[in-house]
Every structure is written in structure tokens, then in C-alpha cells.
Amino acid sequence: MASSSSLKAISTFTTPSKTPPPPSSSSSKASLLSFLNNTSSPISLKLSHSIPRSHFRGNHSALSLAVTNALNTVQSSSPVSTSGDRTKLPSSNAKPTILVSEKLGEAGLEVLRKFGNLECAYNLTPEELCAKISACDALIVRSGTKVNRQVFEASKGRLKVVGRAGVGIDNVDLQAATEFGCLVVNAPTANTVAAAEHGIALLTSMARNVAQADASMKAGLWKRNKYVGVSLVGKTLAVMGFGKVGSEVARRAKGLGMHVIAHDPYAPADRARAVGVDLVSFDQAISTADFVSLHMPLTPTTSKVFNDDTFSKMKKGVRIINVARGGVIDEDALVRALDSGVVAQAALDVFTEEPPSKESKLVQHENVTVTPHLGASTKEAQEGVAIEIAEAVVGALQGELSATAVNAPMVPPEVMFELSPYVVLAEKLGKLAVQLVAGGSGITSVRVVYKSARDSDDLDTRLLRAMITKGIIEPISTSFINLVNADYVAKQKGLRISEEKVSVDSSPEFPVDSIQVHISNVDSKFASSVSDNGSISIEGKVKYGEPHLTCLGSFGVDVSLEGNLILCRQVDQPGMIGKVGNILGSQNVNVSFMSVGRTILKKAIMAIGVDEEPNKETLKKIGDVAAIEEFVFLNL
Ligand SMILES: NC(=O)c1ccc[n+]([C@@H]2O[C@H](COP(=O)([O-])OP(=O)(O)OC[C@H]3O[C@@H](n4cnc5c(N)ncnc54)[C@H](O)[C@@H]3O)[C@@H](O)[C@H]2O)c1
Ligand SMILES: O=C(O)[C@H](O)COP(=O)(O)O
């Protein structure tokens, strides 16, 4: 339970220093603004696609600050739990360095070249990659580069974004990326058709032994009887994983006259129905299909999901196509199934180990057709992927929330734009609330209440929640917190954040009416912030586009949440503003504003904005004013 601090206790709050201290928010804001204002830049911001430029300019600073704060992309901070050596960080004006470690389409490279210092270094060993990475702000890979924990550790917190030029992110350690606050983005759409076409190419060529017949003719043979194939029309194809590629394969297979069924535990039945496909159980799919085509991601759940057991449930003579990931098949089990004839043929584009060993029994099997991970390799797909990933990485480096973020909430630009002032408010409230906690630690339970005129479903609070978490945790730890790792760090610290949306009768034009932050089971260093239920409770609103504190404990206030703030509880009597103003003035402390809140039982909260932190003697003099009962100095 919260307890009252002693009357007139002088409470100041100091932020533990990080190594090295991050630049002030105003400098990071300025550097982001310089990116955004760079009219010579050829990069068109995604935000400007959907929002008129004039509209965008009007709220530049709030939006810029919001996105900068959300991702911390242009400000430097230490990674979580590491003593990051940040001496190699570029100054905020320096161009970011982008390392491309696998071949990328020229159009994408051009985008990157115009934005930052581009280095293309292919075929790096893991050691070479780790050696380079500490000088890079972004890394772009395809499926051949393993971006593991060692890479993030070696980056010493400099790496801000990993771009996967393609769909599969199984070669990126997402957990490590998240812990280090590094955003991972992919390019999930540009190679869908290419992969689906390759799947169909493998299906048809396998059915008609095209590859084997070709090799045999080139060896001088003419074997018409050996390469008799099987027809596709009327056969059942099971599409395992009905996502982007799977559904395109299904569409094309239907065009070939096949009966298509699909298994996907997460796909909506109506999407399958729209393509004329029935969604069935895993066992039903594999036991009834003549052809099984794999299109699921490689995850711990799908790893080796095709194994001795599953092959034994398949129809004898089944044919398998894999353009997804080699790891979803137990390759030794597939060789056994091919040898026994349970699987008549397989056509594989992907392998557990790439490239597979030259002695691989699977690759050498006469009933297996192989290609070296060519699914995405069309000129069109490669150009598309390169542009898609280059724009996502550039956007992320500019502080944008990418629509293809893999380890952070994906927020459409228009939602981000609308929420931006509330994002600032959310962080300020978190930062303020934690400074009211005595000792600043031991916080386990935070309740956030969003009051809004909108339906709960129309209010995406993930960003706001992340920023409140950032505001709470950053001042009390050495952790680097951003939108990517806020939830992770909160969990690590045992902080439970619950959210509640309350419907209020305000204008639905605005997404949020007010945000409340309640911290329970802690002592407060400013007793007036404790509400009747014993929690430290504050409420804020956006007024004229700026964050304001509107409620503190049981007191109504109206205080701009900016800079340094002294909050005093005083006996409500004339002359208080003058007295405190005189003390500050005599010590050359510039007062930016003063306001007195609503009176409860002759008590009121006075808020004083000051340009810099007054020294201890000045604060003591304020505390010595007879009518001042308690006060707290806050740094926002
Ligand atoms: N060979 C290539 O060059 C190439 C090219 C593109 C994509 N791919 C691979 O193809 C796969 C699919 O790509 P996509 O763009 O369609 O991705 P996607 O995310 O659109 O689709 C994947 C689908 O798999 C489903 N899924 C997840 N777990 C499943 C499970 N246990 N059983 C069945 N379905 C499951 C998901 O619900 C989703 O609908 C990925 O593995 C990707 O890496 C390979
Ligand atoms: O997941 C993907 O996008 C494909 O497997 C393509 O991989 P690649 O970029 O290595 O060709």
C-alpha cells in the first residue's frame, strides 16, 4: 500500500546515468526532423503516401517526436543489459551505414545508396560479419546469412534494423533482436508469385519427369518408357500452409484441374472458400492427397513436422513439393519413405542445410528433383523485394514504424499519425508516474485506463502501452527501451501492465480522451498523488496538441508535461505563487509557467515549470515556506 511521505519532505528525482548518456530528446528530435525535412532526399516517406504533405507538416514536431521516441532510431542508447561501447556511434548528422550481405536487386541498392553509406559484402564468414557489424546501423540479408545472437552482441547496440529481403525470417534470431531493441523488417509480398510459380513448376516437372528426362537425353539416351509420368487433372493436392504462397499455388493448381484441399490452423475458412478450397485437418490433408505441397514457415512447431510418422500416414505413391523451408521435413525420414516407395517422388527447392552436402542421399535420389533455393529468384521478384526491403529499412532508420515489422507492432501510417500526440503523452505519464514512486523501484503492477469515445476495437493501444512502459522503465534502469523491446523488458523486470478501455461521451474525432496510469503496491514520495484506492494515480490529456497532466491523486490540475516541474501541495491561500516565484527568481531559476489546481479542503496543487533543476538549497527554501506541505521535483 502507498504511504504518505512526511510533510514537507524534499523529494528530488535523478535518472541513473547510462553509458554513455543518451542525447537530449530535443537533439534527437532535431536529427529526426533533419531527416524528414531533407527535401533533396529521393526517399518518399510512407507517411506522405497516405497523408497530404501539408497536413503532415502541420504536426511535424509531435509526429517526429512520437516516432523517434517509439523506435529510438536516431538517438543512441545502450542495449538491454549490456555495457555497450558506443564510441563508434555516428553523430546524429552522420549518414547511417547499411551493410548488404547478400545479392540484392540494383533498384533497392540505389535507394540505399542515396540514403546512407552502403556497403555490399557478400559471402562473409560469421566472424567477418561480427567484425563489421559494430560499424553498421542496418543489415540487409536474404536466407543465406545467419543473424544470430552473436551478431547482435557484436553490434554493441549500434544495429538498429535488420532487413530480410524476402519472407522467411528463420535465419534471424528474433528473440535476440528484440532484447537488443533492434527492429526486424521483411519484404513479405514481392516474391509470393515467384515462389508460387516455382512450386507449380516443380509440381508439373516432377509429374512428367522433366529434369530426369532432360539429364538422360543430355547423356545421349532416348528413354521414352522410363519417363512415363502421372497426370494432374482430377488429382488431390494438399496445400500445407494456406498463406500468401499457398493460396497462389492453390489458385494455379485449380486451373490445372486439380482438387485442392488445404491445412492451415490459422487461416480463415472463408478465405479458403473464396479460392474454392476446403480447409481440413493435418491428418485428413496428408492421408487423402496425391500431391502434398508445403508452404508453412519454419518454426519450432513446424520443424520436422514431416517425419517417419507422418509419411506413414500418407497414401502410398504420394508426391511431395517443398518450396517453403527444408527444416519442415526430416530429410532422413524422407529418404526412407522414398526408398520404400511410400513417397513416389519429391521436388525440393529448400534444404535443412543450404547448400546441402554433395553426398546428400536426398539430393542424389533418382526420384527427387532439386533446385538451389530458386523460389524467389525471378528478375521481377528480386527487383520488387529489393525495393520493398530498401524502403522498409530506410523508413525504419528514419524512425518510421514499418508495416512489415516482424518484432514490433505494425501500425499503419494514418493510425500512427493520429496517435502521435498521445504517444508523447503516454511516455510522459509513464515517466512522471515512476518519479512519484519512493525509491523508484519495486514496481510490479501498473494499470492503464484509456478513456475514449471510440469502440474498443477502433483503438489500437499497443503503441501507447509500449510508450508508457518505456516511460516507466527507462528512468529506473540502464536498459535501452523502445517499441521493440518494451514488453520484453517489462516482463524481465516483473512488471505487469494491465489495460482497460473505458467508453466516455467525448468527441470520436479524437482517438483518446484521456489516459490514466495507476501504480499500486508502492510507496509514494508525493502523498498527494495517491488516490483513494491507495495507488499512485495520474491522468493526462492532449490539449492543443500538447500533453497535459489533468489529474494527480484526487486533485484536478492542468499542467503542461514538458521539461522540469516542481509540484507542491499547499494550503490554499493568497500570495503563494509570488513567494515561490521570488525564491526561484532570487536563485536565477527561470520559471516557464505556474499554475494552481482545484482546491480540496483548502489544499491545492501548485505546478511550477522551471528551465533548469534548482539546487538543493533552493528546493529547501521552497520546502520551508510555511504553507507548502510537500513537494516533488520532476524531470520530464
Ligand atoms: N523457396 C523460396 O524461395 C521461398 C519464397 C517465398 C517464400 N518461401 C517460404 O514459403 C513459406 C510461406 O511463405 P508465405 O509468404 O506464404 O508466408 P505466409 O506467412 O503468408 O504463409 C504461411 C502460412 O503458414 C501457416 N502456418 C503456420 N503454421 C502452420 C502449421 N503448423 N501448419 C500449417 N500451416 C501453418 C500460416 O498460418 C500462414 O497462413 C515460408 O516458409 C517462406 O519462407 C520460400
Ligand atoms: O523466404 C523467402 O523469401 C525465400 O526463401 C527467398 O529466400 P532468398 O531471399 O534467399 O532467395
# chains A, B, ... in the order shown; residues from 1 in each chain; ligands from 1
>>> closest_atom_pairs(of="chain A", to="ligand 2", cutoff="9 Å", atoms="only C-alpha atoms and all ligand atoms", output="CSV")
residue,atom,partner,partner_atom_place_in_ligand_line,distance
A:Glu102,CA,ligand 2,10 (O),8.3
A:Lys103,CA,ligand 2,9 (O),8.7
A:Leu104,CA,ligand 2,9 (O),8.6
A:Val141,CA,ligand 2,9 (O),7.6
A:Arg142,CA,ligand 2,9 (O),4.0
A:Ser143,CA,ligand 2,10 (O),3.7
A:Gly144,CA,ligand 2,10 (O),5.8
A:Thr145,CA,ligand 2,10 (O),8.7
A:Arg164,CA,ligand 2,9 (O),7.7
A:Ala165,CA,ligand 2,9 (O),5.7
A:Gly166,CA,ligand 2,3 (O),3.3
A:Val167,CA,ligand 2,3 (O),3.6
A:Gly168,CA,ligand 2,1 (O),3.5
A:Ile169,CA,ligand 2,1 (O),7.0
A:Asp170,CA,ligand 2,1 (O),8.5
A:Asn186,CA,ligand 2,3 (O),8.5
A:Ala187,CA,ligand 2,3 (O),7.5
A:Pro188,CA,ligand 2,3 (O),6.9
A:Thr189,CA,ligand 2,3 (O),8.7
A:Ala190,CA,ligand 2,3 (O),8.7
A:Asn191,CA,ligand 2,3 (O),6.5
A:Thr192,CA,ligand 2,3 (O),8.0
A:Ala195,CA,ligand 2,4 (C),7.6
A:Pro297,CA,ligand 2,1 (O),8.5
A:Val323,CA,ligand 2,5 (O),7.7
A:Ala324,CA,ligand 2,5 (O),6.7
A:Arg325,CA,ligand 2,5 (O),7.2
A:Val350,CA,ligand 2,5 (O),7.9
A:His373,CA,ligand 2,11 (O),6.3
A:Leu374,CA,ligand 2,11 (O),6.2
A:Gly375,CA,ligand 2,6 (C),6.3
A:Ala376,CA,ligand 2,6 (C),4.8
A:Ser377,CA,ligand 2,11 (O),6.0
A:Gln382,CA,ligand 2,9 (O),8.2
A:Val385,CA,ligand 2,9 (O),8.3
>>> write_last_selection(atoms="C-alpha atoms", output="CSV table (one decimal), in the first residue's frame")
chain,number,residue,atom,x,y,z
A,102,GLU,CA,23.7,-11.0,-50.0
A,103,LYS,CA,22.9,-10.1,-53.5
A,104,LEU,CA,20.1,-7.5,-53.8
A,141,VAL,CA,20.2,-10.2,-45.7
A,142,ARG,CA,18.5,-12.9,-47.7
A,143,SER,CA,18.2,-16.5,-46.5
A,144,GLY,CA,21.9,-17.2,-46.6
A,145,THR,CA,23.1,-15.1,-43.7
A,164,ARG,CA,15.2,-9.6,-44.5
A,165,ALA,CA,14.9,-9.2,-48.3
A,166,GLY,CA,12.3,-11.9,-48.5
A,167,VAL,CA,9.7,-13.7,-46.4
A,168,GLY,CA,11.3,-16.3,-44.1
A,169,ILE,CA,12.9,-14.9,-41.0
A,170,ASP,CA,14.0,-18.2,-39.6
A,186,ASN,CA,11.0,-8.3,-44.0
A,187,ALA,CA,9.7,-8.0,-47.6
A,188,PRO,CA,6.8,-10.4,-47.4
A,189,THR,CA,4.9,-9.8,-50.6
A,190,ALA,CA,7.2,-9.2,-53.6
A,191,ASN,CA,8.2,-12.8,-54.1
A,192,THR,CA,4.9,-14.5,-53.4
A,195,ALA,CA,7.5,-18.8,-55.2
A,297,PRO,CA,7.0,-21.1,-42.1
A,323,VAL,CA,9.4,-24.5,-51.7
A,324,ALA,CA,8.9,-23.5,-48.0
A,325,ARG,CA,11.8,-24.4,-45.8
A,350,VAL,CA,14.9,-25.8,-49.9
A,373,HIS,CA,16.5,-22.3,-53.4
A,374,LEU,CA,15.3,-20.5,-56.5
A,375,GLY,CA,11.7,-19.9,-55.4
A,376,ALA,CA,12.1,-16.1,-55.1
A,377,SER,CA,14.7,-15.9,-57.9
A,382,GLN,CA,14.2,-9.7,-56.9
A,385,VAL,CA,11.9,-7.5,-52.9
>>> residues_around(residues="Arg208 in chain A", least_positions_apart="3", cutoff="9 Å", atoms="only C-alpha atoms", output="list in words")
Leu203, Thr204, Ser205, Ala211, Ala213, Tyr227, Val228, Gly229, Val230 and Ser231 of chain A
>>> closest_residue(among="A:Leu256, A:Val162, A:Leu139, A:Ala347", to="ligand 1", atoms="only C-alpha atoms and all ligand atoms")
A:Ala347
>>> closest_residue(among="A:Leu567, A:Val292, A:Ala346, A:Ala194", to="ligand 1", atoms="only C-alpha atoms and all ligand atoms")
A:Ala194
>>> atom_distance(atom1="CA of Lys579 in chain A", atom2="CA of Gly623 in chain A")
11.4 Å
>>> residues_around(residues="Asn117 in chain A", least_positions_apart="4", cutoff="9 Å", atoms="only C-alpha atoms", output="list in words")
Lys95, Pro96, Thr97, Ile98, Leu99, Leu112 and Arg113 of chain A
>>> atom_distance(atom1="CA of Val100 in chain A", atom2="CA of Ala121 in chain A")
6.3 Å
>>> select_by_dssp(residues="range 255-447 of chain A", states="helix (DSSP H, G or I)", output="number ranges by chain")
A: 255, 269-274, 282-288, 308-312, 326-328, 331-340, 361-364, 379-397, 413-435, 438-440
>>> residues_around(residues="Val111 in chain A", least_positions_apart="4", cutoff="12 Å", atoms="only C-alpha atoms", output="list in words")
Ser41, Pro42, Ile43, Ser44, Ile98, Leu104, Gly105, Glu106, Ala107, Phe115, Gly116, Asn117, Leu118, Glu383, Ala386, Ile387, Glu388, Ile389, Ala390, Glu391, Ala392, Val393, Val394 and Gly395 of chain A
>>> write_last_selection(atoms="C-alpha atoms", output="PDB file, in the first residue's frame")
ATOM      1  CA  SER A  41      16.175  13.053 -50.345  1.00  0.00           C
ATOM      2  CA  PRO A  42      14.726  10.795 -53.032  1.00  0.00           C
ATOM      3  CA  ILE A  43      13.092   8.637 -50.391  1.00  0.00           C
ATOM      4  CA  SER A  44       9.396   9.288 -50.138  1.00  0.00           C
ATOM      5  CA  ILE A  98      23.938  -0.069 -44.261  1.00  0.00           C
ATOM      6  CA  LEU A 104      20.130  -7.537 -53.769  1.00  0.00           C
ATOM      7  CA  GLY A 105      18.405  -6.055 -56.834  1.00  0.00           C
ATOM      8  CA  GLU A 106      20.004  -2.883 -58.191  1.00  0.00           C
ATOM      9  CA  ALA A 107      16.876  -0.759 -57.743  1.00  0.00           C
ATOM     10  CA  PHE A 115      20.130   7.443 -48.199  1.00  0.00           C
ATOM     11  CA  GLY A 116      23.211   6.163 -46.415  1.00  0.00           C
ATOM     12  CA  ASN A 117      26.694   4.724 -46.688  1.00  0.00           C
ATOM     13  CA  LEU A 118      26.142   1.441 -48.464  1.00  0.00           C
ATOM     14  CA  GLU A 383      13.694  -6.122 -58.042  1.00  0.00           C
ATOM     15  CA  ALA A 386      14.969  -5.174 -53.149  1.00  0.00           C
ATOM     16  CA  ILE A 387      12.816  -2.049 -53.355  1.00  0.00           C
ATOM     17  CA  GLU A 388      10.417  -3.313 -50.678  1.00  0.00           C
ATOM     18  CA  ILE A 389      13.211  -4.022 -48.191  1.00  0.00           C
ATOM     19  CA  ALA A 390      15.233  -0.902 -49.017  1.00  0.00           C
ATOM     20  CA  GLU A 391      12.212   1.309 -48.359  1.00  0.00           C
ATOM     21  CA  ALA A 392      11.373  -0.560 -45.159  1.00  0.00           C
ATOM     22  CA  VAL A 393      14.935  -0.214 -43.856  1.00  0.00           C
ATOM     23  CA  VAL A 394      15.231   3.448 -44.809  1.00  0.00           C
ATOM     24  CA  GLY A 395      11.855   4.102 -43.195  1.00  0.00           C
TER      25      GLY A 395
END
>>> select_by_dssp(residues="range 64-302 of chain A", states="strand (DSSP E)", output="ChimeraX atom specification")
/A:97-100,117-120,138-141,161-164,183-186,236-240,259-263,278-279,291-294
>>> residues_around(residues="range 536-549 of chain A", least_positions_apart="3", cutoff="7 Å", atoms="only C-alpha atoms", output="number ranges by chain")
A: 421-422, 424-425, 429, 433, 513-520, 524, 529-531, 552-553, 557-561
>>> write_last_selection(atoms="C-alpha atoms", output="PDB file, in the first residue's frame")
ATOM      1  CA  PRO A 421       0.366  13.280 -29.675  1.00  0.00           C
ATOM      2  CA  TYR A 422      -0.965  10.517 -27.401  1.00  0.00           C
ATOM      3  CA  VAL A 424       4.114  11.573 -26.393  1.00  0.00           C
ATOM      4  CA  LEU A 425       1.527  11.868 -23.616  1.00  0.00           C
ATOM      5  CA  LEU A 429       2.786   9.904 -17.991  1.00  0.00           C
ATOM      6  CA  ALA A 433       4.329   8.207 -12.559  1.00  0.00           C
ATOM      7  CA  ASP A 513      -9.942  11.423 -24.396  1.00  0.00           C
ATOM      8  CA  SER A 514      -7.553  10.735 -21.521  1.00  0.00           C
ATOM      9  CA  ILE A 515      -5.024   8.219 -20.269  1.00  0.00           C
ATOM     10  CA  GLN A 516      -4.717   7.214 -16.628  1.00  0.00           C
ATOM     11  CA  VAL A 517      -1.722   5.437 -15.107  1.00  0.00           C
ATOM     12  CA  HIS A 518      -2.162   3.730 -11.732  1.00  0.00           C
ATOM     13  CA  ILE A 519       0.764   2.160  -9.892  1.00  0.00           C
ATOM     14  CA  SER A 520      -0.269   0.016  -6.970  1.00  0.00           C
ATOM     15  CA  SER A 524       4.829   7.410  -2.883  1.00  0.00           C
ATOM     16  CA  SER A 529      -0.538  11.594  -5.922  1.00  0.00           C
ATOM     17  CA  VAL A 530      -2.106   8.693  -4.045  1.00  0.00           C
ATOM     18  CA  SER A 531      -5.765   8.190  -4.847  1.00  0.00           C
ATOM     19  CA  LEU A 552      -2.987  13.844  -9.723  1.00  0.00           C
ATOM     20  CA  GLY A 553      -4.350  11.580  -6.979  1.00  0.00           C
ATOM     21  CA  VAL A 557      -4.675  20.064 -12.247  1.00  0.00           C
ATOM     22  CA  ASP A 558      -3.782  21.419 -15.656  1.00  0.00           C
ATOM     23  CA  VAL A 559      -0.067  21.228 -16.194  1.00  0.00           C
ATOM     24  CA  SER A 560       1.886  21.049 -19.428  1.00  0.00           C
ATOM     25  CA  LEU A 561       4.066  17.931 -19.296  1.00  0.00           C
TER      26      LEU A 561
END
>>> residues_around(residues="Asn590 in chain A", least_positions_apart="2", cutoff="8 Å", atoms="only C-alpha atoms", output="list in words")
Leu584, Gly585, Asn588, Ser592, Val610, Asp611 and Glu612 of chain A
>>> closest_residue(among="A:Ala138, A:Val305, A:Val147, A:Ala269", to="ligand 1", atoms="only C-alpha atoms and all ligand atoms")
A:Val305
>>> closest_residue(among="A:Glu119, A:Glu418, A:Asp173, A:Glu127", to="Val406 in chain A", atoms="only C-alpha atoms")
A:Asp173
>>> residues_around(residues="Val275 in chain A", least_positions_apart="2", cutoff="10 Å", atoms="only C-alpha atoms", output="VMD selection string")
chain A and resid 247 to 248 250 to 251 254 260 270 to 273 277 to 278
>>> atom_distance(atom1="CA of Glu380 in chain A", atom2="CA of Met206 in chain A")
24.6 Å
>>> closest_residue(among="A:Val318, A:Ser134, A:Ala381, A:Cys182", to="ligand 1", atoms="only C-alpha atoms and all ligand atoms")
A:Ala381
>>> closest_residue(among="A:Arg336, A:Arg496, A:Lys451, A:Lys431", to="Ile473 in chain A", atoms="only C-alpha atoms")
A:Lys431
